[in-house]
Structures are given as C-alpha cells and as structure tokens.
file data.pdb (PDB, C-alpha atoms)
ATOM      1  CA  MET A 491    -111.758 -34.448  32.724  1.00  0.00           C
ATOM      2  CA  LYS A 492    -113.031 -31.798  35.131  1.00  0.00           C
ATOM      3  CA  ILE A 493    -110.097 -32.403  37.481  1.00  0.00           C
ATOM      4  CA  VAL A 494    -107.602 -31.887  34.667  1.00  0.00           C
ATOM      5  CA  THR A 495    -109.315 -28.671  33.583  1.00  0.00           C
ATOM      6  CA  LYS A 496    -109.411 -27.316  37.130  1.00  0.00           C
ATOM      7  CA  SER A 497    -105.775 -28.268  37.664  1.00  0.00           C
ATOM      8  CA  LEU A 498    -104.764 -26.423  34.496  1.00  0.00           C
ATOM      9  CA  ILE A 499    -106.691 -23.322  35.525  1.00  0.00           C
ATOM     10  CA  VAL A 500    -105.163 -23.324  39.010  1.00  0.00           C
ATOM     11  CA  GLY A 501    -101.677 -23.921  37.595  1.00  0.00           C
ATOM     12  CA  ALA A 502    -102.046 -21.132  35.060  1.00  0.00           C
ATOM     13  CA  SER A 503    -103.303 -18.686  37.676  1.00  0.00           C
ATOM     14  CA  LEU A 504    -100.338 -19.472  39.913  1.00  0.00           C
ATOM     15  CA  MET A 505     -97.886 -18.846  37.071  1.00  0.00           C
ATOM     16  CA  LEU A 506     -99.201 -15.381  36.169  1.00  0.00           C
ATOM     17  CA  PRO A 507     -97.466 -13.564  39.046  1.00  0.00           C
ATOM     18  CA  VAL A 508     -94.210 -15.368  38.241  1.00  0.00           C
ATOM     19  CA  VAL A 509     -94.394 -14.312  34.584  1.00  0.00           C
ATOM     20  CA  ALA A 510     -95.256 -10.733  35.532  1.00  0.00           C
ATOM     21  CA  PHE A 511     -92.323 -10.615  37.978  1.00  0.00           C
ATOM     22  CA  ALA A 512     -89.926 -11.955  35.340  1.00  0.00           C
ATOM     23  CA  GLN A 513     -91.113  -9.352  32.844  1.00  0.00           C
ATOM     24  CA  SER A 514     -90.668  -6.631  35.446  1.00  0.00           C
ATOM     25  CA  ASN A 515     -87.107  -7.800  36.139  1.00  0.00           C
ATOM     26  CA  ASP A 516     -86.358  -7.914  32.408  1.00  0.00           C
ATOM     27  CA  ALA A 517     -87.638  -4.350  32.029  1.00  0.00           C
ATOM     28  CA  LYS A 518     -85.426  -3.156  34.896  1.00  0.00           C
ATOM     29  CA  TYR A 519     -82.433  -5.017  33.469  1.00  0.00           C
ATOM     30  CA  CYS A 520     -83.070  -3.573  30.018  1.00  0.00           C
ATOM     31  CA  GLU A 521     -83.210  -0.108  31.569  1.00  0.00           C
ATOM     32  CA  ALA A 522     -79.928  -0.750  33.407  1.00  0.00           C
ATOM     33  CA  LEU A 523     -78.282  -1.962  30.179  1.00  0.00           C
ATOM     34  CA  THR A 524     -79.536   1.130  28.355  1.00  0.00           C
ATOM     35  CA  SER A 525     -78.174   3.425  31.066  1.00  0.00           C
ATOM     36  CA  LYS A 526     -74.828   1.627  31.088  1.00  0.00           C
ATOM     37  CA  TYR A 527     -74.572   1.821  27.300  1.00  0.00           C
ATOM     38  CA  GLN A 528     -75.471   5.506  27.268  1.00  0.00           C
ATOM     39  CA  GLN A 529     -72.738   6.188  29.841  1.00  0.00           C
ATOM     40  CA  TYR A 530     -70.261   4.241  27.712  1.00  0.00           C
ATOM     41  CA  ALA A 531     -71.424   5.891  24.484  1.00  0.00           C
ATOM     42  CA  GLY A 532     -71.261   9.349  26.031  1.00  0.00           C
ATOM     43  CA  ALA A 533     -67.650   8.771  27.046  1.00  0.00           C
ATOM     44  CA  ARG A 534     -66.862   7.342  23.624  1.00  0.00           C
ATOM     45  CA  GLU A 535     -68.462  10.308  21.838  1.00  0.00           C
ATOM     46  CA  GLN A 536     -66.347  12.727  23.866  1.00  0.00           C
ATOM     47  CA  GLN A 537     -63.238  10.870  22.717  1.00  0.00           C
ATOM     48  CA  HIS A 538     -64.351  10.620  19.090  1.00  0.00           C
ATOM     49  CA  ARG A 539     -66.397  13.716  18.337  1.00  0.00           C
ATOM     50  CA  GLY A 540     -68.929  13.331  15.543  1.00  0.00           C
ATOM     51  CA  GLN A 541     -68.899   9.534  15.554  1.00  0.00           C
ATOM     52  CA  MET A 542     -72.428   8.168  15.103  1.00  0.00           C
ATOM     53  CA  LEU A 543     -73.725   5.382  17.326  1.00  0.00           C
ATOM     54  CA  ASP A 544     -74.666   2.058  15.800  1.00  0.00           C
ATOM     55  CA  ALA A 545     -78.282   2.111  14.583  1.00  0.00           C
ATOM     56  CA  THR A 546     -78.897  -1.379  15.973  1.00  0.00           C
ATOM     57  CA  ILE A 547     -78.225  -0.028  19.469  1.00  0.00           C
ATOM     58  CA  GLY A 548     -80.815   2.691  18.993  1.00  0.00           C
ATOM     59  CA  THR A 549     -83.298   0.086  17.834  1.00  0.00           C
ATOM     60  CA  ALA A 550     -82.510  -2.149  20.826  1.00  0.00           C
ATOM     61  CA  ILE A 551     -83.031   0.763  23.228  1.00  0.00           C
ATOM     62  CA  ALA A 552     -86.346   1.584  21.543  1.00  0.00           C
ATOM     63  CA  LYS A 553     -87.399  -2.083  21.811  1.00  0.00           C
ATOM     64  CA  CYS A 554     -86.594  -2.064  25.535  1.00  0.00           C
ATOM     65  CA  LYS A 555     -88.623   1.095  26.087  1.00  0.00           C
ATOM     66  CA  ALA A 556     -91.527  -0.453  24.151  1.00  0.00           C
ATOM     67  CA  GLY A 557     -91.439  -3.549  26.372  1.00  0.00           C
ATOM     68  CA  ASP A 558     -89.805  -5.893  23.862  1.00  0.00           C
ATOM     69  CA  THR A 559     -87.001  -6.837  26.231  1.00  0.00           C
ATOM     70  CA  ALA A 560     -86.397 -10.208  24.562  1.00  0.00           C
ATOM     71  CA  THR A 561     -85.162  -8.356  21.478  1.00  0.00           C
ATOM     72  CA  GLY A 562     -83.374  -5.467  23.168  1.00  0.00           C
ATOM     73  CA  ILE A 563     -81.429  -7.247  25.917  1.00  0.00           C
ATOM     74  CA  PRO A 564     -79.198  -9.494  23.754  1.00  0.00           C
ATOM     75  CA  VAL A 565     -78.170  -6.603  21.485  1.00  0.00           C
ATOM     76  CA  LEU A 566     -77.271  -4.336  24.389  1.00  0.00           C
ATOM     77  CA  GLU A 567     -75.447  -7.121  26.239  1.00  0.00           C
ATOM     78  CA  LYS A 568     -73.382  -7.913  23.141  1.00  0.00           C
ATOM     79  CA  ALA A 569     -72.522  -4.269  22.544  1.00  0.00           C
ATOM     80  CA  LEU A 570     -71.336  -3.820  26.122  1.00  0.00           C
ATOM     81  CA  LYS A 571     -69.391  -7.092  26.121  1.00  0.00           C
ATOM     82  CA  ASP A 572     -67.748  -6.189  22.802  1.00  0.00           C
ATOM     83  CA  ALA A 573     -66.727  -2.867  24.333  1.00  0.00           C
ATOM     84  CA  LYS A 574     -65.378  -4.728  27.390  1.00  0.00           C
ATOM     85  CA  VAL A 575     -67.808  -2.884  29.660  1.00  0.00           C
ATOM     86  CA  ASP A 576     -69.058  -4.831  32.685  1.00  0.00           C
ATOM     87  CA  LEU A 577     -72.741  -5.721  32.512  1.00  0.00           C
ATOM     88  CA  PRO A 578     -75.045  -4.481  35.271  1.00  0.00           C
ATOM     89  CA  SER A 579     -76.442  -6.961  37.758  1.00  0.00           C
ATOM     90  CA  ARG A 580     -79.556  -8.780  36.587  1.00  0.00           C
ATOM     91  CA  THR A 581     -81.416  -8.701  39.905  1.00  0.00           C
TER      92      THR A 581
END
call {"tool": "encode", "arguments": {"input": "data.pdb", "output": "structure tokens"}}
result
Amino acid sequence: MKIVTKSLIVGASLMLPVVAFAQSNDAKYCEALTSKYQQYAGAREQQHRGQMLDATIGTAIAKCKAGDTATGIPVLEKALKDAKVDLPSRT
C-alpha cells in the first residue's frame, strides 16, 4: 500500500508542471483569440456604424481574462470561424 501511495504522489507531482504549462498556453491562446476578434470587430464596426457586438462574445472575453479559458475559447473560436476569420496559432 505504501508503494502505491508513493507512486501516486510522485505521479501527481510530475503532472503539476504539465498542467500549469497547458493552462499558460490556453491563457495565451485565449488572449490571441480576443485580440483577433477585437481586430475583426473593429473593422466590422467601421463598416456598420452603431452595430452592437454580441453579448456572448463580451462574456467569453471576460471569462478568458478571468482565467476561465475552457469557457471562453470555444465561443471565440466559433465566432471567428463563423466570420471566416483565420484562427491564431495555438502554440
């Protein structure tokens, strides 16, 4: 039983840096999506003055900034894909 417990502790400690790195990459990707959407939205607003942006996009951007990338990323990706805007690299 002690070997199993030690193995689990060692395994968990080795996974922490991997999880932290993945979260960091997700945060950077979310930021890139936000920037790309804001560029797209800015161009769209110039073409259609007074048009309000979708509230779900604002919520997704706020989620990204708050660290909830799992919620924000899919919404921003869909909005950009729907607008036929190329997604930024996810590296």
call {"tool": "resolve_selection", "arguments": {"input": "data.pdb", "expression": "the PyMOL selection byres ((chain A and resi 580) around 6)", "output": "ChimeraX atom specification"}}
result
/A:519,579,581
call {"tool": "closest_residue", "arguments": {"input": "data.pdb", "among": "A:Ala552, A:Ala531, A:Ile563, A:Ala517", "to": "Leu577 (chain A)", "atoms": "only C-alpha atoms"}}
result
A:Ile563
call {"tool": "closest_residue", "arguments": {"input": "data.pdb", "among": "A:Thr561, A:Thr546, A:Ser514, A:Gln529", "to": "Asp576 (chain A)", "atoms": "all atoms listed in the file"}}
result
A:Gln529
call {"tool": "residues_around", "arguments": {"input": "data.pdb", "residues": "Lys526 (chain A)", "least_positions_apart": "3", "cutoff": "12 Å", "atoms": "all atoms listed in the file", "output": "PyMOL selection string"}}
result
chain A and resi 519-523+529-533+551+566-567+569-571+573-579
call {"tool": "atom_distance", "arguments": {"input": "data.pdb", "atom1": "CA of Lys553 (chain A)", "atom2": "CA of Ser525 (chain A)"}}
result
14.2 Å
call {"tool": "atom_distance", "arguments": {"input": "data.pdb", "atom1": "CA of Asp572 (chain A)", "atom2": "CA of Lys518 (chain A)"}}
result
21.6 Å
call {"tool": "residues_around", "arguments": {"input": "data.pdb", "residues": "Gly562 (chain A)", "least_positions_apart": "3", "cutoff": "6 Å", "atoms": "all atoms listed in the file", "output": "ChimeraX atom specification"}}
result
/A:550,553-554,559,565
